[in-house]
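J.: Have a peek at target_1.cif (mmCIF, C-alpha atoms).
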data_work
#
loop_
_atom_site.label_atom_id
_atom_site.label_comp_id
_atom_site.auth_asym_id
_atom_site.auth_seq_id
_atom_site.Cartn_x
_atom_site.Cartn_y
_atom_site.Cartn_z
CA MET A 1 -20.77 -41.89 -26.61
CA ALA A 2 -17.03 -41.38 -26.67
CA LYS A 3 -17.46 -37.70 -27.49
CA SER A 4 -19.99 -37.32 -24.66
CA ALA A 5 -17.54 -38.87 -22.20
CA GLN A 6 -14.78 -36.51 -23.36
CA LEU A 7 -17.14 -33.56 -22.98
CA ARG A 8 -18.04 -34.56 -19.43
CA THR A 9 -14.37 -34.61 -18.46
CA LEU A 10 -14.09 -31.00 -19.66
CA LEU A 11 -17.20 -29.79 -17.89
CA LYS A 12 -16.01 -30.18 -14.31
CA PRO A 13 -18.04 -28.00 -11.96
CA PRO A 14 -16.09 -25.14 -10.39
CA LYS A 15 -15.55 -24.85 -6.67
CA MET A 16 -18.66 -23.48 -5.03
CA ALA A 17 -19.12 -21.35 -1.92
CA TRP A 18 -22.48 -20.36 -0.48
CA ASN A 19 -21.04 -17.53 1.61
CA PRO A 20 -20.71 -14.35 -0.54
CA THR A 21 -17.34 -13.44 0.98
CA ASP A 22 -16.01 -16.92 0.28
CA ARG A 23 -17.24 -16.70 -3.33
CA LYS A 24 -15.36 -13.45 -3.87
CA LEU A 25 -12.21 -14.79 -2.23
CA LEU A 26 -12.31 -17.87 -4.46
CA ARG A 27 -12.10 -15.61 -7.51
CA ALA A 28 -9.09 -13.67 -6.18
CA ALA A 29 -6.12 -14.68 -8.33
CA GLY A 30 -3.56 -12.21 -6.97
CA ILE A 31 -2.93 -9.72 -4.19
CA ASP A 32 -4.30 -6.91 -6.36
CA ASP A 33 -7.65 -8.72 -6.47
CA LEU A 34 -7.68 -8.72 -2.67
CA ARG A 35 -6.82 -5.03 -2.72
CA LYS A 36 -9.80 -4.27 -4.95
CA LEU A 37 -12.08 -6.36 -2.77
CA ALA A 38 -10.78 -4.64 0.35
CA ARG A 39 -11.56 -1.23 -1.14
CA ARG A 40 -15.19 -2.28 -1.58
CA ARG A 41 -15.52 -3.83 1.88
CA VAL A 42 -14.27 -1.04 4.16
CA PRO A 43 -14.70 2.75 4.36
CA ARG A 44 -12.24 4.84 2.37
CA MET A 45 -10.56 6.18 5.51
CA VAL A 46 -9.74 2.61 6.63
CA PHE A 47 -8.55 1.49 3.21
CA ASP A 48 -6.41 4.60 2.73
CA TYR A 49 -4.82 4.17 6.16
CA THR A 50 -3.42 0.84 4.98
CA ASP A 51 -2.96 1.58 1.28
CA GLY A 52 -1.47 5.05 1.55
CA ALA A 53 2.09 6.26 1.97
CA ALA A 54 3.92 9.48 2.80
CA ASP A 55 3.43 12.77 0.94
CA SER A 56 3.56 12.14 -2.83
CA GLU A 57 3.85 8.37 -2.17
CA ARG A 58 6.98 8.24 -4.36
CA SER A 59 8.85 6.02 -1.88
CA LEU A 60 6.19 3.35 -2.25
CA SER A 61 5.65 3.69 -6.00
CA ARG A 62 9.40 3.63 -6.70
CA ALA A 63 9.81 0.50 -4.55
CA ARG A 64 7.01 -1.27 -6.40
CA GLN A 65 8.41 -0.23 -9.77
CA THR A 66 11.86 -1.49 -8.79
CA PHE A 67 10.46 -4.93 -8.03
CA ALA A 68 8.54 -4.85 -11.31
CA ASP A 69 11.77 -4.04 -13.18
CA ILE A 70 13.78 -6.91 -11.68
CA GLU A 71 14.38 -9.47 -14.41
CA PHE A 72 14.67 -13.17 -13.64
CA GLN A 73 17.37 -15.36 -15.20
CA PRO A 74 15.92 -18.89 -15.37
CA SER A 75 17.79 -22.15 -15.86
CA VAL A 76 16.14 -24.99 -17.80
CA LEU A 77 16.59 -28.77 -17.90
CA ARG A 78 16.23 -29.01 -14.12
CA ASP A 79 14.11 -31.49 -12.21
CA VAL A 80 11.74 -29.28 -10.24
CA SER A 81 9.08 -31.87 -9.48
CA GLU A 82 9.76 -31.33 -5.77
CA ILE A 83 10.86 -28.08 -4.14
CA ASP A 84 11.75 -26.94 -0.63
CA THR A 85 10.44 -23.50 0.40
CA THR A 86 11.76 -23.63 3.98
CA ARG A 87 14.15 -21.02 5.30
CA THR A 88 16.11 -20.63 8.52
CA VAL A 89 15.51 -17.14 9.89
CA LEU A 90 17.02 -15.93 13.16
CA GLY A 91 17.89 -19.47 14.19
CA LYS A 92 14.56 -21.18 13.47
CA VAL A 93 13.31 -23.03 10.41
CA GLN A 94 10.10 -21.70 8.87
CA LYS A 95 7.99 -23.06 6.03
CA LEU A 96 8.27 -20.03 3.74
CA PRO A 97 10.96 -17.36 3.19
CA PHE A 98 8.98 -14.39 4.44
CA CYS A 99 7.40 -12.94 7.56
CA LEU A 100 4.40 -10.75 8.28
CA ALA A 101 5.38 -7.17 9.03
CA PRO A 102 3.84 -5.15 11.90
CA VAL A 103 0.80 -2.96 11.28
CA GLY A 104 -0.76 -0.81 13.98
CA PHE A 105 -4.48 -0.67 14.79
CA THR A 106 -5.19 -3.90 12.91
CA ARG A 107 -8.65 -4.31 14.44
CA VAL A 108 -9.72 -1.15 12.60
CA MET A 109 -9.35 -3.15 9.37
CA HIS A 110 -11.38 -6.07 10.75
CA PRO A 111 -12.48 -6.92 14.31
CA GLU A 112 -10.73 -10.31 14.15
CA GLY A 113 -7.54 -8.25 14.06
CA GLU A 114 -4.16 -9.41 15.29
CA SER A 115 -5.44 -12.70 16.68
CA ALA A 116 -6.63 -13.80 13.25
CA VAL A 117 -3.36 -12.78 11.60
CA ALA A 118 -1.31 -14.59 14.25
CA SER A 119 -3.26 -17.82 13.82
CA VAL A 120 -2.87 -17.74 10.03
CA ALA A 121 0.86 -17.06 10.32
CA ALA A 122 1.16 -20.11 12.59
CA GLN A 123 -0.85 -22.17 10.11
CA PHE A 124 1.58 -21.28 7.30
CA GLY A 125 4.67 -21.64 9.48
CA ILE A 126 5.94 -18.05 9.35
CA PRO A 127 6.60 -15.37 12.00
CA TYR A 128 4.11 -12.62 12.76
CA SER A 129 5.42 -9.23 13.86
CA VAL A 130 3.14 -7.46 16.32
CA SER A 131 3.12 -3.67 16.50
CA THR A 132 3.55 -1.58 19.63
CA LEU A 133 0.26 -0.04 18.46
CA ALA A 134 -1.50 -3.41 18.42
CA THR A 135 -5.18 -3.44 19.35
CA THR A 136 -4.95 -6.86 21.00
CA SER A 137 -2.83 -7.70 24.04
CA LEU A 138 0.36 -9.68 23.49
CA ALA A 139 -0.94 -12.43 25.77
CA ASP A 140 -4.14 -12.78 23.74
CA ILE A 141 -2.20 -12.85 20.46
CA ALA A 142 0.04 -15.61 21.78
CA ALA A 143 -3.00 -17.54 23.02
CA ALA A 144 -4.63 -17.28 19.58
CA ALA A 145 -1.64 -19.01 17.98
CA PRO A 146 0.09 -21.15 20.62
CA GLY A 147 2.22 -22.93 18.04
CA GLY A 148 3.24 -19.76 16.24
CA ARG A 149 6.36 -17.65 16.29
CA HIS A 150 5.80 -14.10 17.46
CA TRP A 151 8.01 -11.05 17.07
CA PHE A 152 7.41 -7.68 18.77
CA GLN A 153 7.98 -4.40 16.96
CA LEU A 154 9.17 -1.88 19.54
CA TYR A 155 8.89 1.88 19.44
CA PHE A 156 11.56 2.96 21.91
CA ALA A 157 9.94 5.58 24.14
CA GLU A 158 11.99 8.23 25.90
CA ASP A 159 10.86 6.68 29.17
CA ARG A 160 13.02 3.57 29.54
CA ALA A 161 10.78 2.30 32.33
CA MET A 162 8.01 2.08 29.74
CA VAL A 163 10.37 0.25 27.38
CA LYS A 164 11.22 -2.23 30.14
CA GLU A 165 7.52 -2.89 30.72
CA LEU A 166 6.98 -3.56 27.01
CA LEU A 167 9.94 -5.96 26.96
CA GLY A 168 8.52 -7.73 29.98
CA LEU A 169 5.13 -8.14 28.32
CA ALA A 170 6.80 -9.58 25.20
CA GLU A 171 8.94 -12.00 27.19
CA GLU A 172 6.02 -13.14 29.35
CA ALA A 173 3.93 -13.83 26.22
CA GLY A 174 6.71 -15.93 24.70
CA PHE A 175 7.85 -13.52 21.98
CA ASP A 176 11.39 -14.42 20.91
CA THR A 177 12.43 -11.39 18.84
CA ILE A 178 12.36 -7.61 19.25
CA LEU A 179 12.21 -5.41 16.17
CA LEU A 180 13.50 -1.99 17.17
CA THR A 181 12.01 0.57 14.78
CA LEU A 182 14.52 3.28 13.93
CA ASP A 183 12.84 5.30 11.18
CA THR A 184 10.08 6.96 13.22
CA PRO A 185 11.49 9.71 15.46
CA ILE A 186 8.25 11.65 14.91
CA SER A 187 4.66 10.90 13.95
CA VAL A 188 4.06 11.66 10.28
CA PRO A 189 0.52 12.50 9.10
CA ARG A 190 -0.16 11.19 5.60
CA ARG A 191 -2.00 13.18 2.96
CA ARG A 192 -4.75 10.59 2.46
CA ASP A 193 -5.43 10.51 6.20
CA ILE A 194 -5.50 14.31 6.39
CA ARG A 195 -7.98 14.48 3.51
CA ASN A 196 -10.13 11.81 5.17
CA GLY A 197 -9.98 13.54 8.54
CA LEU A 198 -8.56 10.36 10.06
CA THR A 199 -6.34 10.41 13.11
CA ILE A 200 -4.64 7.69 15.13
CA PRO A 201 -6.29 6.76 17.40
CA PRO A 202 -9.17 6.85 14.92
CA SER A 203 -11.51 9.80 14.75
CA MET A 204 -13.53 11.04 11.79
CA SER A 205 -14.86 14.16 10.18
CA ILE A 206 -18.59 14.42 9.43
CA GLY A 207 -17.95 13.69 5.75
CA THR A 208 -15.87 10.64 6.53
CA PHE A 209 -18.48 9.45 9.02
CA ALA A 210 -21.14 9.68 6.32
CA GLU A 211 -18.98 7.80 3.80
CA ALA A 212 -18.34 5.06 6.32
CA TRP A 213 -22.06 4.40 6.64
CA LEU A 214 -21.99 3.19 3.03
CA HIS A 215 -20.30 0.10 4.49
CA PRO A 216 -22.81 -1.17 7.08
CA GLY A 217 -21.09 -4.56 7.36
CA TRP A 218 -17.91 -2.88 8.57
CA TRP A 219 -19.86 -0.76 11.05
CA LEU A 220 -21.76 -3.72 12.47
CA SER A 221 -18.57 -5.74 12.91
CA GLN A 222 -16.86 -2.82 14.64
CA ILE A 223 -19.81 -2.32 17.00
CA ARG A 224 -19.82 -6.01 17.91
CA GLY A 225 -16.06 -6.11 18.38
CA GLY A 226 -15.81 -2.92 20.39
CA ALA A 227 -13.83 0.22 19.63
CA PRO A 228 -10.18 -0.60 18.79
CA SER A 229 -7.64 0.84 21.22
CA PRO A 230 -3.88 0.42 21.79
CA LYS A 231 -4.12 -2.57 24.12
CA VAL A 232 -0.37 -3.15 24.38
CA LEU A 233 0.40 0.42 25.40
CA ALA A 234 -2.54 0.51 27.78
CA ALA A 235 -0.92 -2.30 29.75
CA THR A 236 2.09 -0.10 30.52
CA SER A 237 0.52 3.15 31.75
CA ASN A 238 -2.67 5.11 32.16
CA GLY A 239 -3.93 7.86 29.91
CA SER A 240 -5.93 8.43 26.78
CA ALA A 241 -5.07 6.53 23.61
CA SER A 242 -3.71 9.74 22.10
CA ASP A 243 -1.46 10.41 25.10
CA LEU A 244 -0.14 6.85 25.09
CA ILE A 245 0.72 6.94 21.40
CA LYS A 246 2.54 10.26 21.72
CA LYS A 247 4.91 8.68 24.24
CA VAL A 248 6.36 6.15 21.80
CA PHE A 249 7.73 8.58 19.22
CA ASN A 250 11.23 9.44 20.35
CA PRO A 251 13.31 12.08 18.53
CA THR A 252 16.22 11.47 20.93
CA LEU A 253 16.73 7.80 19.96
CA SER A 254 20.45 7.09 19.51
CA ILE A 255 22.97 4.30 19.09
CA GLU A 256 23.38 4.30 22.89
CA ASP A 257 19.71 3.32 23.25
CA LEU A 258 20.25 0.45 20.84
CA GLU A 259 23.25 -0.72 22.84
CA TRP A 260 21.21 -0.48 26.06
CA LEU A 261 18.45 -2.54 24.48
CA ARG A 262 20.96 -5.18 23.40
CA GLY A 263 21.91 -5.59 27.05
CA ALA A 264 18.31 -5.54 28.29
CA TRP A 265 16.91 -8.15 25.88
CA SER A 266 18.27 -11.70 25.80
CA GLY A 267 16.36 -12.82 22.69
CA LYS A 268 16.94 -11.97 19.06
CA LEU A 269 17.22 -8.26 18.23
CA VAL A 270 16.55 -6.74 14.81
CA ALA A 271 17.23 -3.14 13.74
CA LYS A 272 14.22 -2.19 11.59
CA GLY A 273 14.09 0.87 9.36
CA VAL A 274 17.73 0.99 8.26
CA GLN A 275 18.21 2.71 4.88
CA SER A 276 21.94 2.75 4.17
CA VAL A 277 25.04 0.58 4.16
CA ALA A 278 26.72 2.85 6.71
CA ASP A 279 23.89 2.47 9.23
CA SER A 280 23.79 -1.27 8.60
CA ILE A 281 27.41 -1.45 9.71
CA ARG A 282 26.69 0.72 12.78
CA VAL A 283 23.84 -1.49 14.02
CA ALA A 284 25.84 -4.64 13.29
CA ASP A 285 28.65 -3.26 15.43
CA ALA A 286 26.08 -2.62 18.20
CA GLY A 287 25.28 -6.34 18.35
CA VAL A 288 21.97 -6.81 16.55
CA ASP A 289 21.16 -10.19 15.02
CA ALA A 290 19.66 -8.77 11.82
CA VAL A 291 19.13 -5.56 9.92
CA TRP A 292 15.70 -4.94 8.40
CA LEU A 293 15.99 -2.65 5.37
CA SER A 294 12.77 -0.69 5.36
CA THR A 295 11.13 2.64 4.64
CA HIS A 296 8.13 1.67 6.78
CA GLY A 297 6.25 0.71 3.64
CA GLY A 298 7.01 4.16 2.19
CA ARG A 299 5.02 5.71 5.03
CA LYS A 300 7.63 8.01 6.61
CA LEU A 301 10.29 9.75 4.48
CA ASP A 302 9.16 10.46 0.94
CA ARG A 303 11.84 9.93 -1.74
CA ALA A 304 13.64 7.55 0.62
CA PRO A 305 15.97 4.89 -0.83
CA VAL A 306 14.37 1.77 -2.29
CA PRO A 307 15.16 -0.95 0.29
CA VAL A 308 15.50 -3.86 -2.14
CA GLU A 309 18.12 -1.93 -4.12
CA LEU A 310 20.24 -1.79 -0.96
CA VAL A 311 20.16 -5.54 -0.33
CA PRO A 312 23.25 -6.62 -2.35
CA ASP A 313 25.52 -3.90 -0.92
CA VAL A 314 24.31 -4.43 2.66
CA VAL A 315 24.77 -8.21 2.36
CA ASP A 316 28.31 -7.63 1.06
CA ALA A 317 29.03 -5.29 3.99
CA VAL A 318 27.51 -7.18 6.94
CA GLY A 319 26.06 -10.43 5.62
CA GLU A 320 28.75 -12.59 7.19
CA ARG A 321 27.90 -11.21 10.63
CA ILE A 322 24.14 -10.66 10.67
CA GLU A 323 21.04 -11.50 8.67
CA VAL A 324 19.41 -9.08 6.24
CA MET A 325 15.66 -8.60 5.83
CA VAL A 326 13.76 -6.30 3.50
CA ASP A 327 10.27 -4.86 3.00
CA THR A 328 8.41 -2.13 1.05
CA GLY A 329 6.90 -2.59 -2.39
CA ILE A 330 6.35 -6.35 -2.22
CA THR A 331 3.09 -7.33 -3.91
CA SER A 332 3.67 -10.94 -5.00
CA GLY A 333 5.45 -14.18 -4.29
CA ALA A 334 7.73 -13.42 -7.24
CA ASP A 335 8.86 -10.24 -5.42
CA ILE A 336 9.71 -12.37 -2.38
CA VAL A 337 11.77 -14.76 -4.52
CA ALA A 338 13.60 -11.80 -6.09
CA ALA A 339 14.47 -10.37 -2.65
CA ILE A 340 15.88 -13.72 -1.51
CA ALA A 341 17.88 -14.11 -4.73
CA LEU A 342 19.44 -10.69 -4.15
CA GLY A 343 20.69 -11.92 -0.77
CA ALA A 344 17.98 -11.21 1.79
CA THR A 345 17.47 -13.81 4.50
CA ALA A 346 13.74 -13.08 4.44
CA ALA A 347 11.28 -10.69 2.86
CA CYS A 348 8.57 -9.03 4.96
CA VAL A 349 5.04 -8.19 3.81
CA GLY A 350 2.45 -5.93 5.38
CA ARG A 351 -0.15 -4.63 2.95
CA CYS A 352 -0.54 -8.05 1.28
CA TYR A 353 -2.11 -9.66 4.33
CA GLN A 354 -3.90 -6.47 5.40
CA TYR A 355 -5.75 -6.40 2.08
CA GLY A 356 -6.83 -9.95 2.81
CA LEU A 357 -7.92 -9.03 6.33
CA MET A 358 -10.06 -6.16 5.06
CA ALA A 359 -11.47 -8.33 2.29
CA GLY A 360 -12.57 -11.23 4.48
CA GLY A 361 -11.13 -11.33 7.97
CA ARG A 362 -9.17 -14.47 8.79
CA ARG A 363 -10.37 -16.13 5.59
CA GLY A 364 -8.94 -13.26 3.58
CA VAL A 365 -5.56 -13.53 5.31
CA VAL A 366 -5.52 -17.26 4.48
CA LYS A 367 -6.23 -16.39 0.85
CA ALA A 368 -3.36 -13.90 0.78
CA MET A 369 -0.99 -16.53 2.16
CA GLU A 370 -2.21 -19.10 -0.36
CA ILE A 371 -1.59 -16.65 -3.21
CA LEU A 372 1.94 -15.80 -2.04
CA THR A 373 2.79 -19.46 -1.42
CA ARG A 374 1.61 -20.50 -4.89
CA GLU A 375 3.52 -17.66 -6.54
CA ILE A 376 6.71 -18.51 -4.67
CA GLU A 377 6.47 -22.17 -5.68
CA VAL A 378 5.70 -21.38 -9.34
CA THR A 379 8.50 -18.82 -9.59
CA MET A 380 11.05 -21.20 -8.09
CA LYS A 381 10.09 -24.01 -10.46
CA LEU A 382 10.24 -21.76 -13.50
CA LEU A 383 13.63 -20.47 -12.37
CA GLY A 384 14.86 -24.05 -12.15
CA VAL A 385 15.65 -24.10 -8.43
CA THR A 386 14.50 -26.75 -5.98
CA SER A 387 15.20 -24.98 -2.70
CA VAL A 388 15.23 -21.42 -1.41
CA SER A 389 18.89 -21.84 -0.46
CA GLN A 390 19.78 -22.23 -4.16
CA LEU A 391 18.56 -18.72 -5.01
CA ASP A 392 21.37 -16.25 -5.63
CA ARG A 393 22.21 -13.18 -7.68
CA SER A 394 22.71 -15.23 -10.82
CA HIS A 395 18.92 -15.57 -10.95
CA VAL A 396 18.10 -11.83 -11.02
CA ARG A 397 19.24 -8.55 -12.45
CA PHE A 398 18.06 -4.96 -12.23
CA ARG A 399 16.94 -3.74 -15.66
#
Represent the structure contained in this file as structure tokens.
T.:
Amino acid sequence: MAKSAQLRTLLKPPKMAWNPTDRKLLRAAGIDDLRKLARRRVPRMVFDYTDGAADSERSLSRARQTFADIEFQPSVLRDVSEIDTTRTVLGKVQKLPFCLAPVGFTRVMHPEGESAVASVAAQFGIPYSVSTLATTSLADIAAAAPGGRHWFQLYFAEDRAMVKELLGLAEEAGFDTILLTLDTPISVPRRRDIRNGLTIPPSMSIGTFAEAWLHPGWWLSQIRGGAPSPKVLAATSNGSASDLIKKVFNPTLSIEDLEWLRGAWSGKLVAKGVQSVADSIRVADAGVDAVWLSTHGGRKLDRAPVPVELVPDVVDAVGERIEVMVDTGITSGADIVAAIALGATAACVGRCYQYGLMAGGRRGVVKAMEILTREIEVTMKLLGVTSVSQLDRSHVRFR
């Protein structure tokens, strides 16, 4: 009898889910599992739009390899029974030390789109950055997550009247931070998208159209949700989606435009897409509240610097004046912890939650956040730290 009782304690039934999507999400142990699931759930053109990077994709692969090569330096004999993952970012306390980076045309990945992502970000107590190329209006995004913190990623058009309208929409919807994107003076077609015949706004070749029909669930959800279009831009002017998008790429963008924006926006202002110490100093001098070290997820300049490698030098140069954020190449909670230890105020993730969205809509985004949260907590405990504020360069080294 005793042996039977012991056996019963070992044979606990696993968590069950009747919904097939929920069953697959339950088995996802890491972000890469969500990536594989996303690849099966959506057409190749959609997956490649999110997964791909510029040209040879070296900027992205080098960034990921750099994170993989960072070595942790743990400390033992520490009481880590309770830990604090909160972080103050741009003047507000959030539950976790990262934010969700902006991604355009999110409703192409899943019809629940930006509204679903915003509500999950609010649930986990982190900011959500909304793209200028969002397929949901800023007002609707704010309404979907009334308790959330929303940031607006701004492409600074040559027409300042258009910029003023976008700022007004963000302010009216309660957005507290503008992320001025600096690394996109021109639109850059990516090789995967060219091969797939995909354009933004989306259009498809005959071959891509045929491949997409192998994913009837995606098609049905898109038909029910309606064709995705740049809702934010459409609120500022008339014209086709293609014409509207062309307006936001600005090869004349200069430091004077940044200074003008600082005077036009009373909330927090972040310079996103900075890739050097020298430019970090320039934008700090122009009055921004933070610098966001980024290569746009490796999606613009191939062979660009690896943002996380820049963090220590940029923090040394401007860290006493402004905050420092970083993205590109982050695939786990351990990567987020490493970025914070190197000196970043916050890490920013894009593909991680997009894989979740493609894999299962809002439920998939929740799963991605659960994975990252668990990995952050485990990494901190194994490092021997009880709060994010304790992380510093003594805990990491580049191999």
J.: Using all atoms listed in the file, what residues lie at most 9 Å away from (23.1, 0.8, 3.8) (file coordinates), given as a list in words?
T.: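 Neighbouring residues, ordered by chain and number, come to Val274, Gln275, Ser276, Val277, Ala278, Asp279, Ser280, Ile281, Leu293, Pro307, Leu310, Val311, Asp313, Val314 and Ala317 of chain A.
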J.: Since we have the selection now, will you write its residues out, keeping C-alpha atoms, as a PDB file, in the frame of the given file?
T.:
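After the write, part09.pdb holds the following:
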ATOM      1  CA  VAL A 274      17.730   0.990   8.260  1.00  0.00           C
ATOM      2  CA  GLN A 275      18.210   2.710   4.880  1.00  0.00           C
ATOM      3  CA  SER A 276      21.940   2.750   4.170  1.00  0.00           C
ATOM      4  CA  VAL A 277      25.040   0.580   4.160  1.00  0.00           C
ATOM      5  CA  ALA A 278      26.720   2.850   6.710  1.00  0.00           C
ATOM      6  CA  ASP A 279      23.890   2.470   9.230  1.00  0.00           C
ATOM      7  CA  SER A 280      23.790  -1.270   8.600  1.00  0.00           C
ATOM      8  CA  ILE A 281      27.410  -1.450   9.710  1.00  0.00           C
ATOM      9  CA  LEU A 293      15.990  -2.650   5.370  1.00  0.00           C
ATOM     10  CA  PRO A 307      15.160  -0.950   0.290  1.00  0.00           C
ATOM     11  CA  LEU A 310      20.240  -1.790  -0.960  1.00  0.00           C
ATOM     12  CA  VAL A 311      20.160  -5.540  -0.330  1.00  0.00           C
ATOM     13  CA  ASP A 313      25.520  -3.900  -0.920  1.00  0.00           C
ATOM     14  CA  VAL A 314      24.310  -4.430   2.660  1.00  0.00           C
ATOM     15  CA  ALA A 317      29.030  -5.290   3.990  1.00  0.00           C
TER      16      ALA A 317
END
J.: For Arg58 of chain A, work out the shell of residues within 7 Å, counting only C-alpha atoms and skipping chain neighbours fewer than 2 positions away, then give it as a list in words.
T.: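 Counting only the stated atoms, we get Ser56, Leu60, Ser61, Arg62, Asp302 and Arg303 of chain A.
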J.: Taking into account all atoms listed in the file, which residue in the set A:Tyr355, A:Phe398, A:Trp218, A:Tyr155 is nearest to Pro111 of chain A?
T.: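 For Pro111 of chain A, the nearest of the given residues is A:Trp218.
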J.: Please return, as a PyMOL selection string, all polymer residues that have at least one atom within 12 Å of the point (-0.4, 4.3, 28.9); use all atoms listed in the file and the file's own coordinate frame.
T.: chain A and resi 132-133+157+159+161-163+165-166+229-248
J.: Got a sec: who's within 12 Å of Gly267 of chain A, counting only C-alpha atoms, leaving out chain neighbours fewer than 6 positions off, as an MDAnalysis selection string?
T.: chainID A and resid 90:91 150:152 167:168 170:171 174:179 261 287:289
J.: Closest to Ile340 of chain A among A:Arg393, A:Arg363, A:Lys36, A:Arg299, using all atoms listed in the file?
T.: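 With all atoms listed in the file as the atom set, the closest residue is A:Arg393.
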